[in-house]
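> Once you've had a glance at the structure underneath, I'll fire off some questions.
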Amino acid sequence: MIPRLLSLLTLIAGLALGADAPAQAAGPFGDWAAIVVAGDWKAHSGAPSDVFDNARHDVGQALLSAGFSPANLREFSTRPDRFGADKPLKADIETIVGQLTELTDKAKSGCLVYFTSHGSPDGIVVGDHIWRPAGLGKLIDQTCGQRPTIAIISACFSGVFVPELDGPDRMVLTAARPDRASFGCGEADHYTFFDTCLLQSLPQTHDFAALGPAVQACVAKREADLRAAPASEPQCKIGATLRPMLPLYRYTTPAPMTGSGRNSNSG
């Protein structure tokens with residue numbers, strides 16, 4: 001508890017100093033490791049789609065606007081050559097493990113992991129594999145440890161990740177409960193419903209503690225408006241140690257997003 005208390009006191013002191021403190025120039029997320037992964041390149045029908053890469057790019061940009069450091073953020077795509085300007089890395093498990101290990105070795109204040117892809121009750125699609133909750137949980141345990149960590153999983157059935165990723169220093173936000181599909185990965189969609197709502201909610205909130213409920217409310221309204229059923233019911237769980245600290249990690253409000261999801265296909 002003493003290291004956590006010292007971390008909290010340091011954060012409060014740094015925030016109180018404001019812009020005059022050089023160490024706080026990058027904000028509270030400047031020393032956080034972050035990865036954003038687009039795990040597939042197909043719509044729910046199997047046709048080619050950029051729906052996950054659209055979110056990967058725009059979530060990455062939103063995180064940079066929110067105060068994450070470009071040096072500590074990596075993006076991953078199953079078709080990196082298609083998005084040369086973004087310079088994403090190949091979205092395969094070995095590369096992601098290596099990169100998150102490298103990032104957390106140098107950026108030690110916190111972690112954020114964001115996956116957007118198709119999902120099943122067994123896990124989330126990453127390239128040619130299903131990444132199971134236990135495997136991703138083990139990676140986060142080994143790399144992020146007990147530092148503040150935000151894990152966001154945008155996929156059908158992604159609630160299956162909550163038990164494995166949960167912890168006192170963790171926030172876990174998923175696009176659906178364990179037994180429900182999520183919506184919006186058709187060929188004509190720009191983002192999934194969940195990714196749309198996250199990008200819409202970021203400019204309207206100031207910290208991740210407020211972001212989770214805002215995304216849940218947005219998804220529920222979107223599904224109701226479009227009569228998408230059964231409701232996906234995104235899950236949000238914040239650990240007991242992180243809960244009182246998380247509102248202190250205020251991000252710079254990103255600019256409003258320009259893209260939008262359009263269809264109600266599940267995936």
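So you can find residues: chains in the structure tokens are A, B, ... in the order shown, residues in each start at 1, and ligands are numbered from 1 in order.
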How close does stretch 75-160 of chain A get to stretch 51-62 of chain A? List, as a tab-separated table, each residue of stretch 75-160 of chain A within 8 Å, its nearest atom pair and the distance in Å to one decimal, counting only C-alpha atoms.


residue	atom	partner	partner_atom	distance
A:Glu75	CA	A:Arg56	CA	7.0
A:Phe76	CA	A:Arg56	CA	7.7
A:Ser77	CA	A:Asp53	CA	6.7
A:Asp86	CA	A:His57	CA	7.3
A:Thr116	CA	A:Phe52	CA	5.9
A:Ser117	CA	A:Phe52	CA	6.1

> Emit the selected residues as a tab-separated table (two decimals), in the first residue's frame, including C-alpha atoms.


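As a result, selection11.tsv now contains:
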chain	number	residue	atom	x	y	z
A	75	GLU	CA	-0.59	0.65	-33.31
A	76	PHE	CA	-1.11	-2.78	-34.90
A	77	SER	CA	-2.95	-3.84	-38.06
A	86	ASP	CA	0.12	5.35	-40.01
A	116	THR	CA	-10.94	-3.92	-31.66
A	117	SER	CA	-11.85	-7.03	-33.65

> Which residues are close to A:Lys42, i.e. within 10 Å by only C-alpha atoms, leaving aside same-chain residues fewer than 6 positions away? Reply as a ChimeraX atom specification.

/A:48-52,117-118,185-187,267

> From a DSSP calculation on the backbone, collect every residue of stretch 107-235 of chain A in strand (DSSP E or B) and output the set as a ChimeraX atom specification.

/A:110-116,119-120,123-126,129-131,149-154,170-174,183,235

> Show me a table, sorted first by chain and then by increasing residue number, of the residues of stretch 40-89 of chain A having an atom at most 12 Å from stretch 101-108 of chain A, each with its shortest atom pair and the distance in Å to one decimal, counting only C-alpha atoms and written as JSON lines.


{"residue": "A:Phe68", "atom": "CA", "partner": "A:Ala107", "partner_atom": "CA", "distance": 10.7}
{"residue": "A:Ser69", "atom": "CA", "partner": "A:Ala107", "partner_atom": "CA", "distance": 9.6}
{"residue": "A:Pro70", "atom": "CA", "partner": "A:Leu103", "partner_atom": "CA", "distance": 11.2}
{"residue": "A:Ala71", "atom": "CA", "partner": "A:Leu103", "partner_atom": "CA", "distance": 8.7}
{"residue": "A:Asn72", "atom": "CA", "partner": "A:Leu103", "partner_atom": "CA", "distance": 6.0}
{"residue": "A:Leu73", "atom": "CA", "partner": "A:Leu103", "partner_atom": "CA", "distance": 7.8}
{"residue": "A:Arg74", "atom": "CA", "partner": "A:Leu103", "partner_atom": "CA", "distance": 8.6}

> Between A:Ile93, A:Ala175, A:Ala220, A:Val162, which residue has the minimum interatomic distance to A:Leu139, considering only C-alpha atoms?

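Smallest separation from A:Leu139 among the options: A:Ile93.
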
> Separation of atom CA of A:Pro234 and atom CA of A:Gln216, in Å?

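For atom CA of A:Pro234 relative to atom CA of A:Gln216, the distance reads 5.7 Å.
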
> Find the residues near A:His206: any atom within 7 Å, counting only C-alpha atoms, skip ones fewer than 2 places away on the same chain, and give them as a count of residues only.

3

> Find the residues near A:Pro213: any atom within 10 Å, counting only C-alpha atoms, skip ones fewer than 3 places away on the same chain, and give them as a PDB file with N, CA, C and O atoms, in the first residue's frame.


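Written file, out-v4.pdb:
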ATOM      1  N   LEU A 173     -12.980  -2.275 -19.639  1.00  0.00           N
ATOM      2  CA  LEU A 173     -14.171  -1.815 -20.360  1.00  0.00           C
ATOM      3  C   LEU A 173     -14.321  -2.675 -21.600  1.00  0.00           C
ATOM      4  O   LEU A 173     -13.387  -2.786 -22.403  1.00  0.00           O
ATOM      5  N   SER A 201     -17.575   9.836 -26.973  1.00  0.00           N
ATOM      6  CA  SER A 201     -17.614  10.159 -25.547  1.00  0.00           C
ATOM      7  C   SER A 201     -16.318  10.785 -25.038  1.00  0.00           C
ATOM      8  O   SER A 201     -16.340  11.539 -24.060  1.00  0.00           O
ATOM      9  N   PHE A 208     -11.098   8.582 -17.465  1.00  0.00           N
ATOM     10  CA  PHE A 208     -11.597   7.272 -17.866  1.00  0.00           C
ATOM     11  C   PHE A 208     -12.696   6.762 -16.938  1.00  0.00           C
ATOM     12  O   PHE A 208     -13.532   5.953 -17.358  1.00  0.00           O
ATOM     13  N   ALA A 209     -12.722   7.212 -15.692  1.00  0.00           N
ATOM     14  CA  ALA A 209     -13.796   6.813 -14.785  1.00  0.00           C
ATOM     15  C   ALA A 209     -15.143   7.281 -15.314  1.00  0.00           C
ATOM     16  O   ALA A 209     -16.155   6.574 -15.206  1.00  0.00           O
ATOM     17  N   ALA A 210     -15.198   8.475 -15.893  1.00  0.00           N
ATOM     18  CA  ALA A 210     -16.435   8.990 -16.487  1.00  0.00           C
ATOM     19  C   ALA A 210     -16.674   8.412 -17.882  1.00  0.00           C
ATOM     20  O   ALA A 210     -17.820   8.293 -18.320  1.00  0.00           O
ATOM     21  N   GLN A 216     -21.190   3.245 -22.130  1.00  0.00           N
ATOM     22  CA  GLN A 216     -22.299   2.315 -21.907  1.00  0.00           C
ATOM     23  C   GLN A 216     -23.633   2.952 -22.275  1.00  0.00           C
ATOM     24  O   GLN A 216     -24.465   2.329 -22.946  1.00  0.00           O
ATOM     25  N   ALA A 217     -23.851   4.189 -21.842  1.00  0.00           N
ATOM     26  CA  ALA A 217     -25.104   4.876 -22.139  1.00  0.00           C
ATOM     27  C   ALA A 217     -25.256   5.135 -23.635  1.00  0.00           C
ATOM     28  O   ALA A 217     -26.349   4.983 -24.199  1.00  0.00           O
ATOM     29  N   CYS A 218     -24.172   5.517 -24.279  1.00  0.00           N
ATOM     30  CA  CYS A 218     -24.199   5.794 -25.721  1.00  0.00           C
ATOM     31  C   CYS A 218     -24.543   4.536 -26.516  1.00  0.00           C
ATOM     32  O   CYS A 218     -25.381   4.569 -27.424  1.00  0.00           O
ATOM     33  N   VAL A 219     -23.918   3.415 -26.174  1.00  0.00           N
ATOM     34  CA  VAL A 219     -24.187   2.160 -26.879  1.00  0.00           C
ATOM     35  C   VAL A 219     -25.646   1.748 -26.680  1.00  0.00           C
ATOM     36  O   VAL A 219     -26.335   1.342 -27.624  1.00  0.00           O
ATOM     37  N   PRO A 234     -22.370  -3.356 -22.709  1.00  0.00           N
ATOM     38  CA  PRO A 234     -20.938  -3.199 -22.400  1.00  0.00           C
ATOM     39  C   PRO A 234     -20.682  -3.261 -20.899  1.00  0.00           C
ATOM     40  O   PRO A 234     -21.487  -2.779 -20.093  1.00  0.00           O
ATOM     41  N   GLN A 235     -19.551  -3.858 -20.544  1.00  0.00           N
ATOM     42  CA  GLN A 235     -19.185  -4.045 -19.147  1.00  0.00           C
ATOM     43  C   GLN A 235     -18.087  -3.051 -18.753  1.00  0.00           C
ATOM     44  O   GLN A 235     -17.185  -2.768 -19.548  1.00  0.00           O
ATOM     45  N   CYS A 236     -18.148  -2.542 -17.536  1.00  0.00           N
ATOM     46  CA  CYS A 236     -17.108  -1.649 -17.025  1.00  0.00           C
ATOM     47  C   CYS A 236     -16.851  -1.991 -15.571  1.00  0.00           C
ATOM     48  O   CYS A 236     -17.775  -1.974 -14.750  1.00  0.00           O
TER      49      CYS A 236
END

> Hey, which of A:Lys138, A:Lys237, A:Arg180, A:Arg132 ends up closest to A:Pro168? Count only C-alpha atoms.

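For A:Pro168, the nearest of the candidates is A:Lys237.
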
> Assign secondary structure with DSSP using the backbone only, and return the residues of stretch 72-145 of chain A in alpha helix (DSSP H) as a list in words.

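Matching residues for alpha helix (DSSP H) in stretch 72-145 of chain A are Ile93, Glu94, Thr95, Ile96, Val97, Gly98, Gln99, Leu100, Thr101, Glu102, Leu103, Thr104, Asp105, Lys106, Pro133, Ala134, Gly135, Leu136, Gly137, Lys138, Leu139, Ile140, Asp141, Gln142 and Thr143 of chain A.
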
> Write the selection just made, keeping N, CA and C atoms, as an mmCIF file, in the first residue's frame?


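Once everything was written out, this is part22.cif:
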data_model
loop_
_atom_site.group_PDB
_atom_site.id
_atom_site.type_symbol
_atom_site.label_atom_id
_atom_site.label_comp_id
_atom_site.auth_asym_id
_atom_site.auth_seq_id
_atom_site.Cartn_x
_atom_site.Cartn_y
_atom_site.Cartn_z
ATOM 1 N N ILE A 93 0.356 -11.990 -32.399
ATOM 2 C CA ILE A 93 0.533 -12.072 -30.956
ATOM 3 C C ILE A 93 1.988 -11.884 -30.559
ATOM 4 N N GLU A 94 2.906 -12.489 -31.285
ATOM 5 C CA GLU A 94 4.324 -12.381 -30.930
ATOM 6 C C GLU A 94 4.801 -10.927 -30.988
ATOM 7 N N THR A 95 4.412 -10.205 -32.041
ATOM 8 C CA THR A 95 4.831 -8.807 -32.173
ATOM 9 C C THR A 95 4.225 -7.948 -31.067
ATOM 10 N N ILE A 96 2.958 -8.168 -30.770
ATOM 11 C CA ILE A 96 2.304 -7.382 -29.722
ATOM 12 C C ILE A 96 2.957 -7.636 -28.369
ATOM 13 N N VAL A 97 3.246 -8.896 -28.066
ATOM 14 C CA VAL A 97 3.914 -9.220 -26.798
ATOM 15 C C VAL A 97 5.259 -8.512 -26.700
ATOM 16 N N GLY A 98 6.048 -8.574 -27.771
ATOM 17 C CA GLY A 98 7.365 -7.948 -27.764
ATOM 18 C C GLY A 98 7.286 -6.443 -27.605
ATOM 19 N N GLN A 99 6.351 -5.821 -28.303
ATOM 20 C CA GLN A 99 6.241 -4.368 -28.253
ATOM 21 C C GLN A 99 5.724 -3.874 -26.902
ATOM 22 N N LEU A 100 4.728 -4.561 -26.337
ATOM 23 C CA LEU A 100 4.226 -4.127 -25.037
ATOM 24 C C LEU A 100 5.296 -4.324 -23.961
ATOM 25 N N THR A 101 6.062 -5.396 -24.080
ATOM 26 C CA THR A 101 7.169 -5.609 -23.141
ATOM 27 C C THR A 101 8.179 -4.474 -23.233
ATOM 28 N N GLU A 102 8.532 -4.100 -24.455
ATOM 29 C CA GLU A 102 9.499 -3.008 -24.667
ATOM 30 C C GLU A 102 8.954 -1.674 -24.152
ATOM 31 N N LEU A 103 7.692 -1.397 -24.440
ATOM 32 C CA LEU A 103 7.103 -0.125 -24.007
ATOM 33 C C LEU A 103 7.039 -0.022 -22.489
ATOM 34 N N THR A 104 6.619 -1.087 -21.836
ATOM 35 C CA THR A 104 6.473 -1.031 -20.379
ATOM 36 C C THR A 104 7.814 -1.044 -19.661
ATOM 37 N N ASP A 105 8.863 -1.426 -20.351
ATOM 38 C CA ASP A 105 10.203 -1.335 -19.761
ATOM 39 C C ASP A 105 10.665 0.113 -19.647
ATOM 40 N N LYS A 106 10.131 0.985 -20.517
ATOM 41 C CA LYS A 106 10.585 2.383 -20.481
ATOM 42 C C LYS A 106 9.510 3.354 -19.988
ATOM 43 N N PRO A 133 -8.715 -15.041 -23.102
ATOM 44 C CA PRO A 133 -8.598 -14.141 -21.952
ATOM 45 C C PRO A 133 -7.432 -14.465 -21.030
ATOM 46 N N ALA A 134 -7.191 -15.734 -20.776
ATOM 47 C CA ALA A 134 -6.097 -16.096 -19.873
ATOM 48 C C ALA A 134 -4.751 -15.672 -20.441
ATOM 49 N N GLY A 135 -4.576 -15.794 -21.756
ATOM 50 C CA GLY A 135 -3.322 -15.405 -22.379
ATOM 51 C C GLY A 135 -3.086 -13.909 -22.318
ATOM 52 N N LEU A 136 -4.129 -13.130 -22.615
ATOM 53 C CA LEU A 136 -3.977 -11.679 -22.548
ATOM 54 C C LEU A 136 -3.805 -11.228 -21.101
ATOM 55 N N GLY A 137 -4.515 -11.878 -20.197
ATOM 56 C CA GLY A 137 -4.356 -11.550 -18.783
ATOM 57 C C GLY A 137 -2.943 -11.796 -18.296
ATOM 58 N N LYS A 138 -2.343 -12.896 -18.730
ATOM 59 C CA LYS A 138 -0.972 -13.205 -18.336
ATOM 60 C C LYS A 138 -0.003 -12.156 -18.871
ATOM 61 N N LEU A 139 -0.208 -11.719 -20.126
ATOM 62 C CA LEU A 139 0.670 -10.695 -20.699
ATOM 63 C C LEU A 139 0.581 -9.400 -19.902
ATOM 64 N N ILE A 140 -0.639 -8.963 -19.583
ATOM 65 C CA ILE A 140 -0.792 -7.716 -18.843
ATOM 66 C C ILE A 140 -0.213 -7.848 -17.438
ATOM 67 N N ASP A 141 -0.400 -8.994 -16.816
ATOM 68 C CA ASP A 141 0.206 -9.220 -15.497
ATOM 69 C C ASP A 141 1.726 -9.081 -15.565
ATOM 70 N N GLN A 142 2.328 -9.649 -16.608
ATOM 71 C CA GLN A 142 3.787 -9.669 -16.711
ATOM 72 C C GLN A 142 4.375 -8.325 -17.126
ATOM 73 N N THR A 143 3.638 -7.554 -17.900
ATOM 74 C CA THR A 143 4.189 -6.295 -18.404
ATOM 75 C C THR A 143 3.751 -5.085 -17.578
#

> Between A:Ser65, A:Thr78, A:Ser154, A:Ser232, which residue has the minimum interatomic distance to A:Thr192, considering only C-alpha atoms?

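Checking each of A:Ser65, A:Thr78, A:Ser154, A:Ser232 against A:Thr192, counting only C-alpha atoms, the winner is A:Ser154.
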
> If you measure from atom CA of A:Glu233 to atom CA of A:Met171, what distance in Å do you get, rounded to one decimal?

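Between atom CA of A:Glu233 and atom CA of A:Met171 the gap works out to 16.6 Å.
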
> Name all residues at most 10 Å from A:Leu242 (count only C-alpha atoms; drop same-chain ones fewer than 6 positions away) and give them as JSON, numbers by chain.

{"A": [4, 8, 147, 148, 149, 150, 167, 168, 169, 170, 171, 209]}

> Just the selected residues (N, CA and C atoms), exported as a compact mmCIF listing (two decimals), in the first residue's frame, please.


# COMPACT_ATOMS: atom_id res chain seq x y z
N ARG A 4 1.72 2.54 -3.48
CA ARG A 4 0.54 3.12 -4.13
C ARG A 4 0.23 4.49 -3.54
N LEU A 8 0.09 8.05 -5.46
CA LEU A 8 -1.06 8.95 -5.41
C LEU A 8 -0.65 10.34 -4.98
N ARG A 147 0.91 -1.51 -11.84
CA ARG A 147 0.74 -0.10 -12.19
C ARG A 147 -0.68 0.14 -12.70
N PRO A 148 -1.19 1.36 -12.65
CA PRO A 148 -2.54 1.63 -13.15
C PRO A 148 -2.68 1.18 -14.61
N THR A 149 -3.74 0.42 -14.90
CA THR A 149 -3.90 -0.18 -16.23
C THR A 149 -5.35 -0.07 -16.68
N ILE A 150 -5.53 0.36 -17.93
CA ILE A 150 -6.86 0.44 -18.54
C ILE A 150 -6.87 -0.52 -19.72
N GLY A 167 -8.53 -6.46 -11.66
CA GLY A 167 -7.56 -6.36 -10.58
C GLY A 167 -7.74 -5.05 -9.85
N PRO A 168 -7.14 -4.91 -8.69
CA PRO A 168 -7.33 -3.68 -7.90
C PRO A 168 -6.83 -2.43 -8.59
N ASP A 169 -5.82 -2.57 -9.47
CA ASP A 169 -5.24 -1.42 -10.17
C ASP A 169 -5.70 -1.34 -11.62
N ARG A 170 -6.81 -2.00 -11.95
CA ARG A 170 -7.24 -2.12 -13.33
C ARG A 170 -8.62 -1.51 -13.56
N MET A 171 -8.80 -0.95 -14.76
CA MET A 171 -10.12 -0.66 -15.30
C MET A 171 -10.29 -1.52 -16.54
N ALA A 209 -12.72 7.21 -15.69
CA ALA A 209 -13.80 6.81 -14.79
C ALA A 209 -15.14 7.28 -15.31

> Could you tell me how far atom CA of A:Val36 lies from atom CA of A:Leu211, in Å and to one decimal?

17.2 Å

> What's the 6 Å shell around A:Ile153, counting only C-alpha atoms, without same-chain residues fewer than 6 positions away, as a list in words?

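The residues satisfying every condition are Tyr114, Phe115 and Thr174 of chain A.
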